[in-house]
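Student: Pasting a structure here, questions to come.
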Amino acid sequence: MTRTDVEIFEKTICFEGFFRLERYCLRHRLFNGDWSRPIVRELFERGHAAAVLPYDPVRDEIILIEQFRAGALSAKDGPWLLEIVAGMIEPAETAEQVIKRESIEEAGCVITDLIPLYHYFVSPGGTTEHLALFCGRVDATDAGGLHGAIDEDEDIKVHVISFNSALTLLMTGKINSASAIIALQWLILNREYVRTRWLT
């Protein structure tokens, strides 16, 4: 089925601030060919994002960032999460431009090569957000420290860890951010390919 199999009766903006909440009244085609009854759904509209796993193939090290996340206030281990570099895609900006900018801003590292991984919906049951995910080549020799845009209230700690240490963090649940989990699982499956591609 396609977008022509959806009929929107009404769209209302319920809230507009840093993000936007929209309410839709709609119906959609059912798999048996009939139409659904009218349903109401709220959607969290926050734009689209890009994220990158910074990886140093020479040192076999990964750069992770740690920062406060209000959405994780109820997390057992607290609202400071280990994540990968990410940012919102602004109008007239590409996903690649976002991650190169954000890598410098959030982690103080320069991306020199990119491998596109996936484009996926973050949580399509309630938000329109779509994420472009990459693995990016970096030199982690001098990486570390504190970073972030002060005007955006960012306070980011950079962690440079070995590939094996990252696996331990992943397997023990210390990394619980979706984009980081997906990117690390991809690297587990493709590490030799990445190292061969970037080191030869």
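Just so we're on the same page: first chain in the structure tokens is A, next is B, and so on; residues restart at 1 for each chain, and ligands are numbered from 1 in the order they show up.
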Mind checking which residues fall within 9 Å of Arg46 of chain A, counting only C-alpha atoms, ignoring those fewer than 6 positions away in the same chain, and posting them as a list in words?
Tutor: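 Selected residues are Phe18, Phe19, Arg20, Leu21, Met88, Thr127, Thr128 and Glu129 of chain A.
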Student: Show me a table, sorted first by chain and then by increasing residue number, of the residues of segment 25-129 of chain A having an atom at most 12 Å from segment 171-182 of chain A, each with its shortest atom pair and the distance in Å to one decimal, counting only C-alpha atoms and written as a Markdown table.
Tutor:
```
| residue | atom | partner | partner_atom | distance |
| --- | --- | --- | --- | --- |
| A:Ala49 | CA | A:Ser179 | CA | 10.8 |
| A:Ala50 | CA | A:Ser179 | CA | 9.6 |
| A:Ala51 | CA | A:Ser179 | CA | 7.2 |
| A:Val52 | CA | A:Ser179 | CA | 8.5 |
| A:Leu53 | CA | A:Ala180 | CA | 7.2 |
| A:Pro54 | CA | A:Ala180 | CA | 10.5 |
| A:Ile62 | CA | A:Ala180 | CA | 11.0 |
| A:Ile63 | CA | A:Ala180 | CA | 10.7 |
| A:Leu64 | CA | A:Ala180 | CA | 8.5 |
| A:Ile65 | CA | A:Ala180 | CA | 10.1 |
| A:Glu66 | CA | A:Ile175 | CA | 10.2 |
| A:Gln67 | CA | A:Ser177 | CA | 11.6 |
| A:Arg69 | CA | A:Ser177 | CA | 10.5 |
| A:Gly71 | CA | A:Ser177 | CA | 11.1 |
| A:Ala72 | CA | A:Ser177 | CA | 10.0 |
| A:Ala75 | CA | A:Asn176 | CA | 10.0 |
| A:Lys76 | CA | A:Lys174 | CA | 10.9 |
| A:Asp77 | CA | A:Lys174 | CA | 8.8 |
| A:Gly78 | CA | A:Lys174 | CA | 11.2 |
| A:Pro79 | CA | A:Asn176 | CA | 11.0 |
| A:Trp80 | CA | A:Ile175 | CA | 10.6 |
| A:Leu81 | CA | A:Ser177 | CA | 7.3 |
| A:Leu82 | CA | A:Ile175 | CA | 5.7 |
| A:Glu83 | CA | A:Ala180 | CA | 5.6 |
| A:Ile84 | CA | A:Ala180 | CA | 5.5 |
| A:Val85 | CA | A:Ala180 | CA | 8.9 |
| A:Ala86 | CA | A:Ser179 | CA | 9.0 |
| A:Gly87 | CA | A:Ser179 | CA | 11.8 |
| A:Leu117 | CA | A:Ile182 | CA | 9.3 |
| A:Tyr118 | CA | A:Ile182 | CA | 9.1 |
| A:His119 | CA | A:Ser179 | CA | 10.7 |
| A:Tyr120 | CA | A:Ser179 | CA | 9.8 |
| A:Phe121 | CA | A:Ser179 | CA | 10.9 |
| A:Val122 | CA | A:Ala178 | CA | 8.3 |
| A:Ser123 | CA | A:Ala178 | CA | 10.3 |
```
Student: Rounded to one decimal, what separation in Å do you get between atom CA of Gly136 of chain A and atom CA of Glu102 of chain A?
Tutor: 12.0 Å
Student: Enumerate the residues of segment 24-172 of chain A with a DSSP assignment of strand (DSSP E), computed from the backbone, and present them as a ChimeraX atom specification.
Tutor: /A:24-28,39-45,49-56,61-68,80-83,85-88,113-121,130-137,145-147,156-162
Student: Residues of chain A in helix (DSSP H, G or I) according to DSSP, as a PyMOL selection string?
Tutor: chain A and resi 3-5+70-72+95-107+150-152+163-171+178-199
Student: Considering only C-alpha atoms, can you say which of A:His130, A:Trp198, A:Cys109, A:Ile188 comes closest to Val158 of chain A?
Tutor: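 Looking at the shortest contact to Val158 of chain A, the residue is A:Cys109.
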Student: Can you tell me which residues surround segment 148-150 of chain A at a distance of at most 7 Å, considering only C-alpha atoms, apart from same-chain residues fewer than 5 positions away, and format the answer as an mmCIF file with N, CA, C and O atoms, in the first residue's frame?
Tutor:
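Wrote it out as selection_37.cif, contents follow:
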```cif
data_model
loop_
_atom_site.group_PDB
_atom_site.id
_atom_site.type_symbol
_atom_site.label_atom_id
_atom_site.label_comp_id
_atom_site.auth_asym_id
_atom_site.auth_seq_id
_atom_site.Cartn_x
_atom_site.Cartn_y
_atom_site.Cartn_z
ATOM 1 N N GLU A 105 32.021 19.299 16.850
ATOM 2 C CA GLU A 105 31.363 19.996 17.955
ATOM 3 C C GLU A 105 31.219 19.121 19.204
ATOM 4 O O GLU A 105 31.490 19.568 20.317
ATOM 5 N N GLU A 106 30.802 17.870 19.014
ATOM 6 C CA GLU A 106 30.511 17.006 20.158
ATOM 7 C C GLU A 106 31.703 16.190 20.640
ATOM 8 O O GLU A 106 31.764 15.836 21.826
ATOM 9 N N ASP A 155 26.849 19.469 27.436
ATOM 10 C CA ASP A 155 27.980 19.169 28.299
ATOM 11 C C ASP A 155 28.345 17.721 28.007
ATOM 12 O O ASP A 155 27.708 16.796 28.509
ATOM 13 N N ILE A 156 29.353 17.516 27.164
ATOM 14 C CA ILE A 156 29.634 16.204 26.594
ATOM 15 C C ILE A 156 31.035 15.737 26.986
ATOM 16 O O ILE A 156 32.013 16.458 26.798
#
```
Student: Out of A:Arg101, A:Arg41, A:Asp34, A:Arg27, which residue has the shortest atom-to-atom distance to Ile13 of chain A when counting only C-alpha atoms?
Tutor: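 Among A:Arg101, A:Arg41, A:Asp34, A:Arg27, it is A:Arg41 that comes nearest to Ile13 of chain A.
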Student: Just give me the gap between atom CA of Trp35 of chain A and atom CA of Phe9 of chain A in Å, one decimal is fine.
Tutor: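 These two atoms are separated by 13.5 Å.
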Student: Mind pulling up the distance from atom CA of Lys11 of chain A to atom CA of Glu45 of chain A?
Tutor: 12.8 Å
Student: Near Val194 of chain A, counting only C-alpha atoms, which residues have an atom at most 10 Å away, once you skip same-chain residues fewer than 6 positions from it, shown as a count of residues only?
Tutor: 7
Student: Out of A:Val138, A:Leu146, A:Met1, A:Val40, which residue has the shortest atom-to-atom distance to Asp60 of chain A when counting only C-alpha atoms?
Tutor: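 Among the listed residues, the smallest separation from Asp60 of chain A belongs to A:Val138.
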